Amino acid sequence: MGDPGADLPGVSQPADLTGWPAVQELIDALPFYVLLVDAGHTVLAANRTTREHLGLSPEQVVGHYCPKVIHDLDGPFPGCPLEQAVKDGCYVEREVQDAARGTWYLSSVAPTQLRSAADKPVFVHFVRDITELKKTSGELARSLEQQRAVTALLRRLQACRTSVEVLEEVTAQILSLSWIELTASAAGFLVQGEQLSLAVQRNFSAEQARRCGVVPFGRCLCGKAAVDGEVRFCTQPDEEHAANSADQSDHGHLLLPMRHAGRTLAVLSFYLPPGAEPDLTRLGFLRTVADLAAVAFNRLRMQAQVVQMDRLVSLGVLAGIVGHEIRTPLNVLSINLQLLGRTLRGEGELARGKLQEQVELMTAEVGRIDAYLEAPLLALGRQQLQELQPLDLNEELTGAITFLEPEARRKQVELVQELAPGLPPVLADGIKLRRILLELLLNGIQASNQAGAVQLVTRPRRSAVELVVEHAGAAMSWLKRGELDVIPSTAEDLQGRSLGLTICARLAREMRGKLTVDPGATVQFVLTLAVAG
């Protein structure tokens, strides 16, 4: 077989490959543009697709200057890869835009082993129209940018604590998008009643901010968008743009209302360059952004309602605690005053010394109420630094028993004492310790059956002293086994019978102690020793 290039017209005679049917038939079968050109841009062959696109005959193409035939230029087309391929002798590929036709091409040039009749290297030039591919790639890139923007916006909106922060985040996110044609100016409005209040602005003059400070519903572009809830495009100021100021240049607007449950919560207004055309492909994304912002606004509104409800519940809980703290000593005072009254009427047999002791105890309880009312909320919900001192638990308990003996006798409840002798002192606050002991004793007396008993046991534990209060009355089934919560957390707790014990648990913790309960009817109170053993 001879050299296949021997019969090529471009090698043995003037450059015209139409005389070599096999080559021409091969390139004619390709659906994109194919040219054989030499290093001087002379066309040696052109396939059918190229000629049909140009509307030229083979004679009008072959042998002519490529830039003139293809681009009607007297010099190489800017970005033509043939220049680089000739220089480097290698394959070159470039994307080239034909701005006049609005098209994109992938232009590639590969060297061959052939030389033209003018003894110049021959190159194969492929040109493929990639306009649709570029469009699809652009749409994909835009879609990815939108997804990233939505993801970032979701993350930032979750961190927003105010409605103004939501507007700031949405404004910044939209202005950062490369494919939305916007200026650097924008305004964000929050709905207040039947009007919009300017909350966020970008690049506003003082005059613009004044004019747009408050916009009634239905007035100007923003007020109308607030009423109908529709995304609006306005290419230039018109009669609807009532808040236009003299210092503003020609511009358009993109109006983005944010609505939830049929109610407008905010409106964003972005400024468009003069003559900008509305792009309907933006609408889906912008509506998504508006919906995300509306959800964030509603979340903040719901959180505000929950905070308000929490405050109301907290006030109710607080009122219950204060009431209970005062009611307990008042009950004790009432019991002892009744006993004192009977004694004064000659109906009782209380000795003078015992009478004096009861009066002193009642005076102490009045002082306790007074001290509590001076700062009743001070210790609520948090532990405080305490001035703890060594105290004898048995001695304090005996005083509380003496104070409540009249009530125990009235209910025919026996207070059975098993107090371990020689207990080491505990670290405690005297007033709080007495409050706990009175509450535990009174709770046991009131819960006991008629002619029942309350068992009081003190005993040493490792590095602590323990008091156990047990009665034979109704089981405390409303309590869960274990340590009590520090304070009640719901309004329902105010109606529960555990409120007094819950307060005691808080006081115990403040003294580094612990109060635990058994639903059977047992309370354990443990205090730390003054000197750990």
# chains A, B, ... in the order shown; residues from 1 in each chain; ligands from 1

$ select_by_dssp --residues "stretch 70-303 of chain A" --states "alpha helix (DSSP H)" --output "PyMOL selection string"
chain A and resi 70-71+81-88+131-159+163-175+206-211+220-228+281-303

$ residues_around --residues "A:Tyr91" --least-positions-apart "2" --cutoff "9 Å" --atoms "only C-alpha atoms" --output "compact mmCIF listing (two decimals) with N, CA and C atoms, in the first residue's frame"
# COMPACT_ATOMS: atom_id res chain seq x y z
N PRO A 81 -7.69 29.41 18.73
CA PRO A 81 -6.65 28.52 19.26
C PRO A 81 -5.57 28.15 18.24
N GLN A 84 -2.04 29.56 19.02
CA GLN A 84 -1.29 28.85 20.05
C GLN A 84 -0.81 27.49 19.56
N ALA A 85 -1.68 26.82 18.78
CA ALA A 85 -1.30 25.50 18.26
C ALA A 85 -0.11 25.60 17.32
N ASP A 88 3.05 26.30 19.60
CA ASP A 88 3.52 25.22 20.47
C ASP A 88 3.53 23.87 19.77
N GLY A 89 2.86 23.76 18.63
CA GLY A 89 2.82 22.48 17.92
C GLY A 89 2.05 21.41 18.68
N GLU A 93 -7.41 23.85 23.05
CA GLU A 93 -8.88 23.89 23.12
C GLU A 93 -9.30 25.12 23.91
N SER A 108 -11.31 23.85 18.97
CA SER A 108 -10.11 23.05 19.25
C SER A 108 -9.32 22.83 17.96
N VAL A 109 -8.01 22.85 18.10
CA VAL A 109 -7.11 22.70 16.95
C VAL A 109 -6.07 21.63 17.28
N ALA A 110 -5.89 20.67 16.34
CA ALA A 110 -4.91 19.60 16.53
C ALA A 110 -3.95 19.57 15.34
N PRO A 111 -2.64 19.46 15.58
CA PRO A 111 -1.67 19.40 14.46
C PRO A 111 -1.73 18.03 13.78

$ residues_around --residues "A:Ala159" --least-positions-apart "4" --cutoff "12 Å" --atoms "only C-alpha atoms" --output "list of chain:residue names"
A:Ala152, A:Leu153, A:Leu154, A:Arg155, A:Ser163, A:Glu165, A:Val166, A:Glu169, A:Ala296, A:Arg299, A:Leu300

$ write_last_selection --atoms "C-alpha atoms" --output "PDB file, in the first residue's frame"
ATOM      1  CA  ALA A 152     -26.570  29.247  54.719  1.00  0.00           C
ATOM      2  CA  LEU A 153     -29.698  31.325  55.256  1.00  0.00           C
ATOM      3  CA  LEU A 154     -31.401  28.546  57.211  1.00  0.00           C
ATOM      4  CA  ARG A 155     -28.378  28.247  59.483  1.00  0.00           C
ATOM      5  CA  SER A 163     -36.965  40.362  63.702  1.00  0.00           C
ATOM      6  CA  GLU A 165     -31.696  40.332  62.653  1.00  0.00           C
ATOM      7  CA  VAL A 166     -33.884  38.237  60.327  1.00  0.00           C
ATOM      8  CA  GLU A 169     -29.655  38.211  57.211  1.00  0.00           C
ATOM      9  CA  ALA A 296     -38.252  32.694  61.223  1.00  0.00           C
ATOM     10  CA  ARG A 299     -40.748  31.350  65.323  1.00  0.00           C
ATOM     11  CA  LEU A 300     -39.681  34.536  67.079  1.00  0.00           C
TER      12      LEU A 300
END

$ closest_residue --among "A:Gly452, A:Pro67, A:Gly40, A:Gly55" --to "A:Lys87" --atoms "only C-alpha atoms"
A:Gly40

$ atom_distance --atom1 "atom CA of A:Leu529" --atom2 "atom CA of A:Leu427"
5.8 Å

$ residues_around --residues "A:Leu265" --least-positions-apart "4" --cutoff "9 Å" --atoms "only C-alpha atoms" --output "MDAnalysis selection string"
chainID A and resid 189:192 226 257:260 294 297:298

$ write_last_selection --atoms "C-alpha atoms" --output "PDB file, in the first residue's frame"
ATOM      1  CA  PHE A 189     -39.703  47.048  56.711  1.00  0.00           C
ATOM      2  CA  LEU A 190     -41.451  45.400  59.656  1.00  0.00           C
ATOM      3  CA  VAL A 191     -45.229  45.451  59.938  1.00  0.00           C
ATOM      4  CA  GLN A 192     -46.559  47.453  62.863  1.00  0.00           C
ATOM      5  CA  ALA A 226     -47.690  44.475  51.973  1.00  0.00           C
ATOM      6  CA  PRO A 257     -43.166  40.507  51.012  1.00  0.00           C
ATOM      7  CA  MET A 258     -42.822  37.917  53.781  1.00  0.00           C
ATOM      8  CA  ARG A 259     -46.124  36.395  54.874  1.00  0.00           C
ATOM      9  CA  HIS A 260     -47.322  33.737  57.291  1.00  0.00           C
ATOM     10  CA  ALA A 294     -41.639  34.265  57.375  1.00  0.00           C
ATOM     11  CA  PHE A 297     -40.482  35.680  62.043  1.00  0.00           C
ATOM     12  CA  ASN A 298     -43.245  33.363  63.231  1.00  0.00           C
TER      13      ASN A 298
END

$ residues_around --residues "A:Glu418" --least-positions-apart "5" --cutoff "7 Å" --atoms "only C-alpha atoms" --output "ChimeraX atom specification"
/A:456-458

$ atom_distance --atom1 "atom CA of A:Thr528" --atom2 "atom CA of A:Gly513"
6.1 Å

$ atom_distance --atom1 "atom CA of A:Glu407" --atom2 "atom CA of A:Ile335"
6.3 Å

$ select_by_dssp --residues "stretch 399-478 of chain A" --states "strand (DSSP E or B)" --output "PDB file with N, CA and C atoms, in the first residue's frame"
ATOM      1  N   GLU A 414     -49.188  11.525 118.143  1.00  0.00           N
ATOM      2  CA  GLU A 414     -48.042  11.397 119.031  1.00  0.00           C
ATOM      3  C   GLU A 414     -46.753  11.657 118.253  1.00  0.00           C
ATOM      4  N   LEU A 415     -45.887  12.471 118.812  1.00  0.00           N
ATOM      5  CA  LEU A 415     -44.584  12.736 118.212  1.00  0.00           C
ATOM      6  C   LEU A 415     -43.566  11.839 118.901  1.00  0.00           C
ATOM      7  N   VAL A 416     -43.205  10.748 118.269  1.00  0.00           N
ATOM      8  CA  VAL A 416     -42.295   9.757 118.834  1.00  0.00           C
ATOM      9  C   VAL A 416     -40.867  10.134 118.461  1.00  0.00           C
ATOM     10  N   GLN A 417     -40.036  10.347 119.470  1.00  0.00           N
ATOM     11  CA  GLN A 417     -38.677  10.830 119.239  1.00  0.00           C
ATOM     12  C   GLN A 417     -37.641   9.736 119.517  1.00  0.00           C
ATOM     13  N   GLU A 418     -36.759   9.548 118.569  1.00  0.00           N
ATOM     14  CA  GLU A 418     -35.594   8.662 118.761  1.00  0.00           C
ATOM     15  C   GLU A 418     -34.360   9.461 118.336  1.00  0.00           C
ATOM     16  N   LEU A 419     -33.935  10.339 119.227  1.00  0.00           N
ATOM     17  CA  LEU A 419     -32.835  11.245 118.906  1.00  0.00           C
ATOM     18  C   LEU A 419     -31.529  10.665 119.420  1.00  0.00           C
ATOM     19  N   VAL A 426     -23.886  20.207 112.953  1.00  0.00           N
ATOM     20  CA  VAL A 426     -24.002  20.273 111.493  1.00  0.00           C
ATOM     21  C   VAL A 426     -23.828  21.716 111.043  1.00  0.00           C
ATOM     22  N   LEU A 427     -23.453  21.876 109.766  1.00  0.00           N
ATOM     23  CA  LEU A 427     -23.356  23.213 109.183  1.00  0.00           C
ATOM     24  C   LEU A 427     -24.716  23.621 108.651  1.00  0.00           C
ATOM     25  N   ALA A 428     -25.284  24.714 109.144  1.00  0.00           N
ATOM     26  CA  ALA A 428     -26.621  25.114 108.719  1.00  0.00           C
ATOM     27  C   ALA A 428     -26.847  26.582 109.005  1.00  0.00           C
ATOM     28  N   ALA A 453     -49.277   8.582 114.748  1.00  0.00           N
ATOM     29  CA  ALA A 453     -47.971   8.932 115.281  1.00  0.00           C
ATOM     30  C   ALA A 453     -47.051   9.395 114.161  1.00  0.00           C
ATOM     31  N   VAL A 454     -46.140  10.292 114.534  1.00  0.00           N
ATOM     32  CA  VAL A 454     -45.072  10.728 113.636  1.00  0.00           C
ATOM     33  C   VAL A 454     -43.757  10.319 114.271  1.00  0.00           C
ATOM     34  N   GLN A 455     -42.993   9.509 113.553  1.00  0.00           N
ATOM     35  CA  GLN A 455     -41.723   8.998 114.063  1.00  0.00           C
ATOM     36  C   GLN A 455     -40.613   9.956 113.660  1.00  0.00           C
ATOM     37  N   LEU A 456     -39.835  10.430 114.642  1.00  0.00           N
ATOM     38  CA  LEU A 456     -38.734  11.349 114.398  1.00  0.00           C
ATOM     39  C   LEU A 456     -37.445  10.671 114.839  1.00  0.00           C
ATOM     40  N   VAL A 457     -36.533  10.443 113.909  1.00  0.00           N
ATOM     41  CA  VAL A 457     -35.301   9.719 114.199  1.00  0.00           C
ATOM     42  C   VAL A 457     -34.118  10.544 113.712  1.00  0.00           C
ATOM     43  N   THR A 458     -33.142  10.766 114.578  1.00  0.00           N
ATOM     44  CA  THR A 458     -31.880  11.364 114.152  1.00  0.00           C
ATOM     45  C   THR A 458     -30.781  10.342 114.366  1.00  0.00           C
ATOM     46  N   ARG A 459     -29.805  10.328 113.461  1.00  0.00           N
ATOM     47  CA  ARG A 459     -28.710   9.370 113.581  1.00  0.00           C
ATOM     48  C   ARG A 459     -27.509   9.882 112.789  1.00  0.00           C
ATOM     49  N   PRO A 460     -26.346   9.482 113.204  1.00  0.00           N
ATOM     50  CA  PRO A 460     -25.133   9.920 112.490  1.00  0.00           C
ATOM     51  C   PRO A 460     -24.933   9.109 111.210  1.00  0.00           C
ATOM     52  N   ARG A 461     -24.361   9.769 110.212  1.00  0.00           N
ATOM     53  CA  ARG A 461     -23.927   9.110 108.981  1.00  0.00           C
ATOM     54  C   ARG A 461     -22.504   9.569 108.708  1.00  0.00           C
ATOM     55  N   ALA A 464     -21.941  13.227 107.997  1.00  0.00           N
ATOM     56  CA  ALA A 464     -23.237  13.888 107.956  1.00  0.00           C
ATOM     57  C   ALA A 464     -24.092  13.417 109.120  1.00  0.00           C
ATOM     58  N   VAL A 465     -25.214  14.084 109.298  1.00  0.00           N
ATOM     59  CA  VAL A 465     -26.238  13.701 110.267  1.00  0.00           C
ATOM     60  C   VAL A 465     -27.560  13.626 109.525  1.00  0.00           C
ATOM     61  N   GLU A 466     -28.389  12.627 109.890  1.00  0.00           N
ATOM     62  CA  GLU A 466     -29.632  12.376 109.159  1.00  0.00           C
ATOM     63  C   GLU A 466     -30.831  12.491 110.093  1.00  0.00           C
ATOM     64  N   LEU A 467     -31.885  13.120 109.565  1.00  0.00           N
ATOM     65  CA  LEU A 467     -33.179  13.144 110.239  1.00  0.00           C
ATOM     66  C   LEU A 467     -34.179  12.398 109.356  1.00  0.00           C
ATOM     67  N   VAL A 468     -34.899  11.427 109.954  1.00  0.00           N
ATOM     68  CA  VAL A 468     -35.940  10.691 109.228  1.00  0.00           C
ATOM     69  C   VAL A 468     -37.277  11.010 109.876  1.00  0.00           C
ATOM     70  N   VAL A 469     -38.228  11.460 109.071  1.00  0.00           N
ATOM     71  CA  VAL A 469     -39.584  11.746 109.532  1.00  0.00           C
ATOM     72  C   VAL A 469     -40.520  10.765 108.842  1.00  0.00           C
ATOM     73  N   GLU A 470     -41.249   9.977 109.625  1.00  0.00           N
ATOM     74  CA  GLU A 470     -42.134   8.962 109.054  1.00  0.00           C
ATOM     75  C   GLU A 470     -43.456   9.003 109.800  1.00  0.00           C
ATOM     76  N   HIS A 471     -44.551   8.917 109.058  1.00  0.00           N
ATOM     77  CA  HIS A 471     -45.870   8.908 109.680  1.00  0.00           C
ATOM     78  C   HIS A 471     -46.687   7.770 109.097  1.00  0.00           C
TER      79      HIS A 471
END

$ residues_around --residues "A:Tyr105" --least-positions-apart "5" --cutoff "6 Å" --atoms "only C-alpha atoms" --output "number ranges by chain"
A: 95-96, 128-130

$ residues_around --residues "A:Leu175" --least-positions-apart "2" --cutoff "12 Å" --atoms "only C-alpha atoms" --output "list in words"
Ala149, Glu168, Glu169, Val170, Thr171, Ala172, Gln173, Leu177, Ser178, Trp179, Ile180, Glu181, Leu182, Thr183, Ala184, Ser185, Ala186, Ala187, Arg202, Leu254, Leu268, Ser269, Phe270, Tyr271, Leu272 and Leu286 of chain A

$ write_last_selection --atoms "C-alpha atoms" --output "PDB file, in the first residue's frame"
ATOM      1  CA  ALA A 149     -27.636  30.280  49.786  1.00  0.00           C
ATOM      2  CA  GLU A 168     -30.499  41.832  58.066  1.00  0.00           C
ATOM      3  CA  GLU A 169     -29.655  38.211  57.211  1.00  0.00           C
ATOM      4  CA  VAL A 170     -32.126  37.945  54.317  1.00  0.00           C
ATOM      5  CA  THR A 171     -31.002  41.290  52.883  1.00  0.00           C
ATOM      6  CA  ALA A 172     -27.322  40.341  53.043  1.00  0.00           C
ATOM      7  CA  GLN A 173     -27.964  36.896  51.532  1.00  0.00           C
ATOM      8  CA  LEU A 177     -26.053  36.454  44.946  1.00  0.00           C
ATOM      9  CA  SER A 178     -24.119  36.949  41.730  1.00  0.00           C
ATOM     10  CA  TRP A 179     -26.960  36.143  39.330  1.00  0.00           C
ATOM     11  CA  ILE A 180     -29.525  38.650  40.639  1.00  0.00           C
ATOM     12  CA  GLU A 181     -29.025  42.051  39.053  1.00  0.00           C
ATOM     13  CA  LEU A 182     -29.245  44.420  42.021  1.00  0.00           C
ATOM     14  CA  THR A 183     -27.655  47.645  43.169  1.00  0.00           C
ATOM     15  CA  ALA A 184     -26.181  47.976  46.664  1.00  0.00           C
ATOM     16  CA  SER A 185     -29.286  49.764  47.993  1.00  0.00           C
ATOM     17  CA  ALA A 186     -32.084  48.026  49.892  1.00  0.00           C
ATOM     18  CA  ALA A 187     -34.713  48.640  52.559  1.00  0.00           C
ATOM     19  CA  ARG A 202     -28.490  49.872  52.783  1.00  0.00           C
ATOM     20  CA  LEU A 254     -37.825  44.299  43.475  1.00  0.00           C
ATOM     21  CA  LEU A 268     -37.946  43.870  51.591  1.00  0.00           C
ATOM     22  CA  SER A 269     -37.294  46.358  48.786  1.00  0.00           C
ATOM     23  CA  PHE A 270     -34.207  45.921  46.603  1.00  0.00           C
ATOM     24  CA  TYR A 271     -33.101  48.569  44.133  1.00  0.00           C
ATOM     25  CA  LEU A 272     -32.576  47.537  40.482  1.00  0.00           C
ATOM     26  CA  LEU A 286     -37.148  34.573  46.065  1.00  0.00           C
TER      27      LEU A 286
END
